[in-house]
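Below is the file my_file_27.cif, which contains mmCIF, C-alpha atoms.
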data_run
loop_
_atom_site.label_atom_id
_atom_site.label_comp_id
_atom_site.auth_asym_id
_atom_site.auth_seq_id
_atom_site.Cartn_x
_atom_site.Cartn_y
_atom_site.Cartn_z
CA MET A 22 50.62 68.49 -67.06
CA ARG A 23 47.96 66.07 -65.90
CA GLU A 24 48.94 62.93 -64.04
CA ILE A 25 48.58 59.68 -65.96
CA THR A 26 47.65 56.93 -63.53
CA ASP A 27 46.75 53.27 -63.88
CA SER A 28 43.22 54.11 -62.71
CA SER A 29 42.79 56.87 -65.29
CA ILE A 30 44.01 54.57 -68.07
CA GLN A 31 41.61 51.87 -66.90
CA GLU A 32 38.72 54.35 -66.83
CA VAL A 33 39.24 55.56 -70.38
CA ARG A 34 39.63 51.95 -71.59
CA GLU A 35 36.28 51.10 -69.99
CA LYS A 36 34.63 54.19 -71.46
CA ALA A 37 36.02 53.41 -74.92
CA LEU A 38 34.52 49.93 -74.70
CA LEU A 39 31.11 51.36 -73.75
CA ILE A 40 31.37 53.88 -76.58
CA ARG A 41 32.13 51.12 -79.10
CA ARG A 42 29.22 49.01 -77.85
CA ASP A 43 26.89 52.00 -78.16
CA ILE A 44 28.14 52.71 -81.68
CA ILE A 45 27.26 49.18 -82.74
CA LYS A 46 23.87 49.20 -81.04
CA MET A 47 22.76 52.58 -82.35
CA LEU A 48 23.88 51.86 -85.91
CA GLY A 49 22.20 48.49 -85.81
CA GLU A 50 19.00 50.17 -84.66
CA SER A 51 19.18 52.93 -87.28
CA GLY A 52 20.14 50.65 -90.16
CA SER A 53 22.43 53.32 -91.60
CA GLY A 54 25.47 55.33 -90.66
CA HIS A 55 29.25 55.25 -90.49
CA THR A 56 30.67 52.38 -88.48
CA GLY A 57 34.38 51.95 -89.27
CA GLY A 58 35.59 55.48 -88.65
CA SER A 59 33.48 55.82 -85.52
CA LEU A 60 35.03 52.71 -83.99
CA SER A 61 38.56 53.80 -84.90
CA ALA A 62 38.17 57.08 -82.97
CA ALA A 63 36.65 55.72 -79.75
CA ASP A 64 39.89 55.70 -77.75
CA ILE A 65 40.68 59.28 -78.73
CA LEU A 66 37.26 60.59 -77.70
CA SER A 67 37.34 58.56 -74.50
CA CYS A 68 40.61 60.25 -73.48
CA LEU A 69 39.28 63.67 -74.43
CA TYR A 70 35.90 63.46 -72.72
CA PHE A 71 36.85 61.43 -69.66
CA TRP A 72 40.36 62.66 -68.91
CA GLU A 73 41.41 65.76 -70.79
CA MET A 74 38.72 68.33 -71.50
CA GLN A 75 37.43 70.82 -68.95
CA ILE A 76 33.69 70.59 -69.57
CA ASN A 77 30.45 70.44 -67.59
CA PRO A 78 27.39 68.63 -69.03
CA GLN A 79 25.15 70.73 -66.77
CA GLN A 80 26.56 73.92 -68.35
CA PRO A 81 27.12 73.01 -72.01
CA HIS A 82 27.51 76.65 -73.08
CA GLN A 83 29.88 77.77 -70.34
CA ALA A 84 32.15 80.44 -71.85
CA ASP A 85 35.43 78.97 -70.64
CA ARG A 86 34.69 75.34 -71.50
CA ASP A 87 37.08 73.44 -73.72
CA ARG A 88 35.72 72.91 -77.25
CA PHE A 89 35.67 69.83 -79.46
CA VAL A 90 35.05 69.85 -83.21
CA LEU A 91 34.35 66.60 -85.03
CA SER A 92 35.73 67.67 -88.38
CA LYS A 93 35.01 64.21 -89.82
CA GLY A 94 31.34 64.81 -89.06
CA HIS A 95 30.11 61.55 -90.59
CA ALA A 96 31.61 59.79 -87.54
CA ALA A 97 28.84 61.35 -85.44
CA PRO A 98 28.02 58.04 -83.65
CA VAL A 99 31.30 58.13 -81.70
CA LEU A 100 30.58 61.71 -80.59
CA TYR A 101 26.98 60.93 -79.64
CA ALA A 102 28.07 57.90 -77.63
CA ALA A 103 30.68 59.94 -75.75
CA LEU A 104 28.22 62.75 -75.04
CA ALA A 105 25.57 60.36 -73.74
CA GLU A 106 28.11 58.58 -71.54
CA LYS A 107 29.28 61.96 -70.22
CA GLY A 108 25.71 62.90 -69.32
CA TYR A 109 24.80 65.56 -71.88
CA PHE A 110 21.56 63.76 -72.71
CA GLN A 111 19.73 60.55 -71.88
CA ARG A 112 21.23 57.37 -73.30
CA GLU A 113 17.81 56.38 -74.68
CA GLU A 114 18.30 59.07 -77.33
CA LEU A 115 20.95 56.88 -78.96
CA ASP A 116 18.21 54.49 -80.09
CA ARG A 117 16.75 57.30 -82.21
CA LEU A 118 19.85 57.88 -84.33
CA ARG A 119 18.92 59.08 -87.85
CA LYS A 120 15.21 58.71 -87.17
CA LEU A 121 12.68 61.33 -88.20
CA GLY A 122 12.41 63.99 -85.52
CA SER A 123 15.48 62.85 -83.60
CA MET A 124 18.10 65.39 -82.55
CA LEU A 125 20.77 62.81 -83.42
CA GLN A 126 21.04 63.05 -87.17
CA GLY A 127 23.69 61.69 -89.50
CA HIS A 128 25.94 64.68 -88.81
CA PRO A 129 26.19 66.69 -85.58
CA ASP A 130 23.87 69.70 -85.21
CA MET A 131 24.97 72.24 -82.58
CA ARG A 132 21.48 73.77 -82.55
CA LYS A 133 19.87 70.56 -81.33
CA VAL A 134 22.43 68.42 -79.51
CA PRO A 135 23.78 69.52 -76.11
CA GLY A 136 27.57 69.37 -76.06
CA VAL A 137 28.06 69.74 -79.81
CA ASP A 138 30.20 72.82 -80.41
CA ALA A 139 30.09 72.87 -84.22
CA SER A 140 27.75 71.54 -86.90
CA THR A 141 29.98 69.53 -89.23
CA GLY A 142 29.72 67.21 -92.19
CA SER A 143 31.21 69.04 -95.16
CA LEU A 144 34.72 67.62 -95.07
CA GLY A 145 37.48 70.14 -94.41
CA GLN A 146 35.27 72.75 -92.80
CA GLY A 147 35.44 71.47 -89.23
CA ILE A 148 39.12 72.24 -88.78
CA SER A 149 38.39 75.78 -89.98
CA TRP A 150 35.73 76.06 -87.25
CA ALA A 151 38.31 74.91 -84.73
CA VAL A 152 40.86 77.46 -85.92
CA GLY A 153 38.27 80.21 -85.58
CA MET A 154 37.35 79.09 -82.07
CA ALA A 155 40.99 78.99 -81.01
CA LEU A 156 41.65 82.42 -82.51
CA ALA A 157 38.58 83.83 -80.73
CA GLY A 158 39.87 82.42 -77.46
CA LYS A 159 43.17 84.22 -77.96
CA MET A 160 41.46 87.50 -78.88
CA ASP A 161 39.11 87.29 -75.88
CA ASN A 162 41.88 86.28 -73.46
CA ARG A 163 40.08 83.05 -72.62
CA ASN A 164 41.88 80.03 -71.24
CA TYR A 165 39.90 77.32 -73.01
CA ARG A 166 41.52 74.85 -75.36
CA VAL A 167 40.15 73.61 -78.69
CA TYR A 168 40.39 70.04 -79.95
CA ALA A 169 39.53 68.77 -83.41
CA LEU A 170 39.38 65.32 -85.00
CA LEU A 171 40.12 64.95 -88.71
CA GLY A 172 39.94 61.92 -90.96
CA ASP A 173 42.88 60.97 -93.16
CA GLY A 174 40.62 60.87 -96.20
CA GLU A 175 39.31 64.29 -95.21
CA ILE A 176 42.73 65.90 -95.45
CA GLU A 177 42.63 65.41 -99.20
CA GLU A 178 40.49 68.59 -99.10
CA GLY A 179 42.49 71.73 -99.87
CA LEU A 180 40.54 73.75 -97.29
CA VAL A 181 42.22 71.73 -94.54
CA TRP A 182 45.67 73.02 -95.46
CA GLU A 183 44.50 76.63 -95.61
CA ALA A 184 43.22 76.21 -92.05
CA LEU A 185 46.47 74.59 -90.91
CA MET A 186 48.44 77.45 -92.41
CA ALA A 187 46.24 80.02 -90.60
CA ALA A 188 46.59 78.18 -87.28
CA HIS A 189 50.37 78.42 -87.51
CA HIS A 190 50.28 82.04 -88.69
CA TYR A 191 48.23 83.08 -85.65
CA HIS A 192 50.31 81.03 -83.18
CA LEU A 193 47.34 79.03 -81.95
CA ASP A 194 48.98 76.99 -79.22
CA ASN A 195 45.53 76.48 -77.68
CA LEU A 196 44.58 74.23 -80.62
CA THR A 197 45.23 70.48 -80.84
CA ALA A 198 44.14 68.46 -83.87
CA PHE A 199 43.99 64.67 -83.95
CA LEU A 200 44.26 62.85 -87.26
CA ASP A 201 42.40 59.53 -87.21
CA HIS A 202 44.92 57.84 -89.47
CA ASN A 203 43.24 54.51 -90.28
CA GLY A 204 44.35 54.46 -93.91
CA LEU A 205 40.92 53.88 -95.45
CA GLN A 206 38.12 56.03 -96.86
CA ILE A 207 34.84 55.20 -98.53
CA ASP A 208 36.47 54.42 -101.91
CA GLY A 209 39.37 52.39 -100.53
CA PRO A 210 42.93 52.94 -99.26
CA ILE A 211 43.86 56.61 -99.06
CA GLU A 212 47.09 56.11 -100.96
CA LYS A 213 45.12 54.80 -103.96
CA VAL A 214 42.30 57.38 -103.88
CA MET A 215 44.38 60.54 -103.42
CA SER A 216 47.37 60.00 -101.19
CA PRO A 217 47.98 62.69 -98.57
CA GLU A 218 51.19 60.98 -97.43
CA PRO A 219 53.57 61.68 -95.82
CA VAL A 220 51.08 63.26 -93.43
CA ALA A 221 53.40 63.86 -90.46
CA ASP A 222 55.94 65.64 -92.66
CA LYS A 223 53.20 67.81 -94.15
CA PHE A 224 51.84 68.90 -90.77
CA LYS A 225 55.41 69.74 -89.72
CA ALA A 226 55.95 71.70 -92.93
CA PHE A 227 52.86 73.76 -92.13
CA GLY A 228 54.39 74.76 -88.81
CA TRP A 229 52.60 72.41 -86.45
CA GLU A 230 54.22 70.58 -83.56
CA THR A 231 53.65 67.02 -84.76
CA LEU A 232 53.42 63.85 -82.70
CA VAL A 233 52.87 60.32 -84.02
CA ILE A 234 51.21 57.82 -81.69
CA ASP A 235 49.23 54.60 -81.47
CA GLY A 236 45.67 55.92 -81.47
CA HIS A 237 44.40 52.95 -79.48
CA ASP A 238 46.87 53.27 -76.60
CA PRO A 239 45.41 55.53 -73.86
CA HIS A 240 48.80 56.17 -72.31
CA GLN A 241 50.20 57.44 -75.61
CA ILE A 242 47.12 59.58 -76.24
CA MET A 243 47.31 61.10 -72.76
CA ALA A 244 51.06 61.70 -72.99
CA ALA A 245 50.58 63.46 -76.34
CA LEU A 246 47.87 65.67 -74.85
CA ASN A 247 50.17 66.56 -71.99
CA THR A 248 52.90 67.44 -74.47
CA ALA A 249 50.50 69.63 -76.43
CA ARG A 250 49.87 71.70 -73.30
CA THR A 251 53.58 72.51 -73.09
CA ILE A 252 53.93 73.72 -76.68
CA LYS A 253 53.97 77.49 -77.03
CA GLY A 254 53.56 79.61 -80.13
CA ARG A 255 52.19 76.98 -82.49
CA PRO A 256 49.39 74.40 -82.68
CA THR A 257 49.87 70.67 -82.14
CA ALA A 258 48.91 67.82 -84.47
CA ILE A 259 48.62 64.31 -83.07
CA ILE A 260 48.82 61.73 -85.85
CA ALA A 261 46.98 58.79 -84.32
CA ASN A 262 47.59 55.53 -86.18
CA THR A 263 44.36 53.58 -85.87
CA VAL A 264 42.45 50.60 -87.25
CA LYS A 265 39.19 51.23 -89.07
CA GLY A 266 36.47 49.15 -87.41
CA LYS A 267 38.62 48.64 -84.30
CA GLY A 268 37.26 46.06 -81.88
CA CYS A 269 35.17 44.06 -84.33
CA SER A 270 37.31 41.51 -86.14
CA PHE A 271 35.09 41.22 -89.21
CA MET A 272 35.11 45.00 -89.68
CA GLU A 273 38.76 45.80 -89.04
CA ASN A 274 40.76 47.28 -91.94
CA LYS A 275 37.87 46.91 -94.38
CA ALA A 276 36.83 49.95 -96.40
CA GLU A 277 33.35 48.55 -96.96
CA TRP A 278 32.57 49.29 -93.31
CA HIS A 279 33.16 53.00 -93.82
CA GLY A 280 29.48 53.78 -94.34
CA THR A 281 27.73 50.47 -93.70
CA ALA A 282 25.62 49.70 -90.63
CA PRO A 283 25.57 46.19 -89.16
CA ASN A 284 22.48 44.00 -89.42
CA GLN A 285 21.13 42.33 -86.28
CA GLU A 286 23.22 39.20 -86.72
CA GLN A 287 26.34 41.35 -87.11
CA VAL A 288 25.34 43.46 -84.10
CA ALA A 289 25.22 40.32 -81.95
CA LEU A 290 28.57 39.16 -83.31
CA ALA A 291 30.21 42.54 -82.68
CA LEU A 292 28.82 42.88 -79.16
CA GLY A 293 30.09 39.40 -78.41
CA GLU A 294 33.61 40.60 -79.23
CA LEU A 295 33.33 43.94 -77.42
CA VAL A 296 33.54 42.58 -73.89
#

In structure tokens, write the structure found in this file.
Amino acid sequence: MREITDSSIQEVREKALLIRRDIIKMLGESGSGHTGGSLSAADILSCLYFWEMQINPQQPHQADRDRFVLSKGHAAPVLYAALAEKGYFQREELDRLRKLGSMLQGHPDMRKVPGVDASTGSLGQGISWAVGMALAGKMDNRNYRVYALLGDGEIEEGLVWEALMAAHHYHLDNLTAFLDHNGLQIDGPIEKVMSPEPVADKFKAFGWETLVIDGHDPHQIMAALNTARTIKGRPTAIIANTVKGKGCSFMENKAEWHGTAPNQEQVALALGELV
């Protein structure tokens, strides 16, 4: 169990703010990319990268490092912002998002980006990567933990549930999956496109320890991560209720910001709110 202190909560809040500002700036510069689902996951990644995970930017391939898999790979901006803030590469690289020759493309590439543990983008496949990594850790008697982030639209993919079933079958208590449960996908509300509800009950039915939290409350995120460390014999799912576009009032809870980048006027407006 890791201690949750006022100073640690304040640090991850500050990092989440910086991550959100970087998301807005890099998407404004690129003119394309996924804004809403990147902003909704900023608090989760802040807690993972600046409080929870045992990682070293100077040794990105260390065998016993904790792993993170961005299963909803289109939310790459939130991962890139966290990695840059952690020191995996120079922050100036963020200005080259989606540009020709840049290592920071629309989906994460583990061959090019330090700190990226899995190349993702095809929805549903990332969680399978994470299951494989966790199983390998068990087979190799390693102590690392594996974390994954799924989108609630993503779990409409059947492959996700095959992976969840395998994780339970192999008793992968070194695996924790977050669900960024913001209720919206590119075509609209998840319950109207292809409802995966009730998601918590489904994760439980597939044998996962299941926690439901406010995905923007660092204390709840940290407490859930601490709980996950105590669970033995099965993986843990953290259903994080979030707001798509969190932090920018004109983006919040609007499906049209799923895959839309802000123009320069909108960038200025968003940065004015993210203070």

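What the PyMOL selection byres ((chain A and resi 274) around 8) matches in the given file is Asn203, Leu205, Val264, Lys265, Gly266, Met272, Glu273, Lys275 and Ala276 of chain A.
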
Please produce a file of the residues just selected, as a PDB file, in the coordinates of the input, where the atoms kept are C-alpha atoms.
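Final file, selection.pdb:
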ATOM      1  CA  ASN A 203      43.240  54.510 -90.280  1.00  0.00           C
ATOM      2  CA  LEU A 205      40.920  53.880 -95.450  1.00  0.00           C
ATOM      3  CA  VAL A 264      42.450  50.600 -87.250  1.00  0.00           C
ATOM      4  CA  LYS A 265      39.190  51.230 -89.070  1.00  0.00           C
ATOM      5  CA  GLY A 266      36.470  49.150 -87.410  1.00  0.00           C
ATOM      6  CA  MET A 272      35.110  45.000 -89.680  1.00  0.00           C
ATOM      7  CA  GLU A 273      38.760  45.800 -89.040  1.00  0.00           C
ATOM      8  CA  LYS A 275      37.870  46.910 -94.380  1.00  0.00           C
ATOM      9  CA  ALA A 276      36.830  49.950 -96.400  1.00  0.00           C
TER      10      ALA A 276
END

Fewer than 6 positions away in the same chain doesn't count, so skip those; otherwise give me all residues within 12 Å of Ile30 (chain A), counting only C-alpha atoms, as a PyMOL selection string.
-> chain A and resi 24+36-37+64+67-68+71-73+237-244

In Å to one decimal, how far is CA of Glu230 (chain A) from CA of His192 (chain A)?
->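 According to the coordinates, CA of His192 (chain A) and CA of Glu230 (chain A) are separated by 11.2 Å.
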
Selected residue, from A:Met154, A:Met186, A:Val233, A:Glu177, that lies nearest to Lys213 (chain A) when counting all atoms listed in the file |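 Of the candidates, the smallest distance to Lys213 (chain A) is held by A:Glu177.
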
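Computed from the coordinates, the CA of Arg34 (chain A) to CA of Leu69 (chain A) distance equals 12.1 Å.
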
Can you work out which one of A:Pro283, A:Ile176, A:Asn247, A:Leu39 has the shortest atom-to-atom distance to Pro219 (chain A), counting only C-alpha atoms?
->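 Selected residue with least distance to Pro219 (chain A): A:Ile176.
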
When distances are computed from only C-alpha atoms, which of A:Val288, A:Asp222, A:Ser29, A:His279 shows the smallest separation from Gly209 (chain A)?
-> A:His279

Might you spell out which residues the PyMOL selection byres ((chain A and resi 76) around 10) would select in the displayed file, as a PyMOL selection string?
-> chain A and resi 70-71+73-75+77-83+85-88+107+136+165

Saved selection, atoms kept: C-alpha atoms, as a PDB file, in the coordinates of the input:
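Printed below is result.pdb as written:
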ATOM      1  CA  TYR A  70      35.900  63.460 -72.720  1.00  0.00           C
ATOM      2  CA  PHE A  71      36.850  61.430 -69.660  1.00  0.00           C
ATOM      3  CA  GLU A  73      41.410  65.760 -70.790  1.00  0.00           C
ATOM      4  CA  MET A  74      38.720  68.330 -71.500  1.00  0.00           C
ATOM      5  CA  GLN A  75      37.430  70.820 -68.950  1.00  0.00           C
ATOM      6  CA  ASN A  77      30.450  70.440 -67.590  1.00  0.00           C
ATOM      7  CA  PRO A  78      27.390  68.630 -69.030  1.00  0.00           C
ATOM      8  CA  GLN A  79      25.150  70.730 -66.770  1.00  0.00           C
ATOM      9  CA  GLN A  80      26.560  73.920 -68.350  1.00  0.00           C
ATOM     10  CA  PRO A  81      27.120  73.010 -72.010  1.00  0.00           C
ATOM     11  CA  HIS A  82      27.510  76.650 -73.080  1.00  0.00           C
ATOM     12  CA  GLN A  83      29.880  77.770 -70.340  1.00  0.00           C
ATOM     13  CA  ASP A  85      35.430  78.970 -70.640  1.00  0.00           C
ATOM     14  CA  ARG A  86      34.690  75.340 -71.500  1.00  0.00           C
ATOM     15  CA  ASP A  87      37.080  73.440 -73.720  1.00  0.00           C
ATOM     16  CA  ARG A  88      35.720  72.910 -77.250  1.00  0.00           C
ATOM     17  CA  LYS A 107      29.280  61.960 -70.220  1.00  0.00           C
ATOM     18  CA  GLY A 136      27.570  69.370 -76.060  1.00  0.00           C
ATOM     19  CA  TYR A 165      39.900  77.320 -73.010  1.00  0.00           C
TER      20      TYR A 165
END
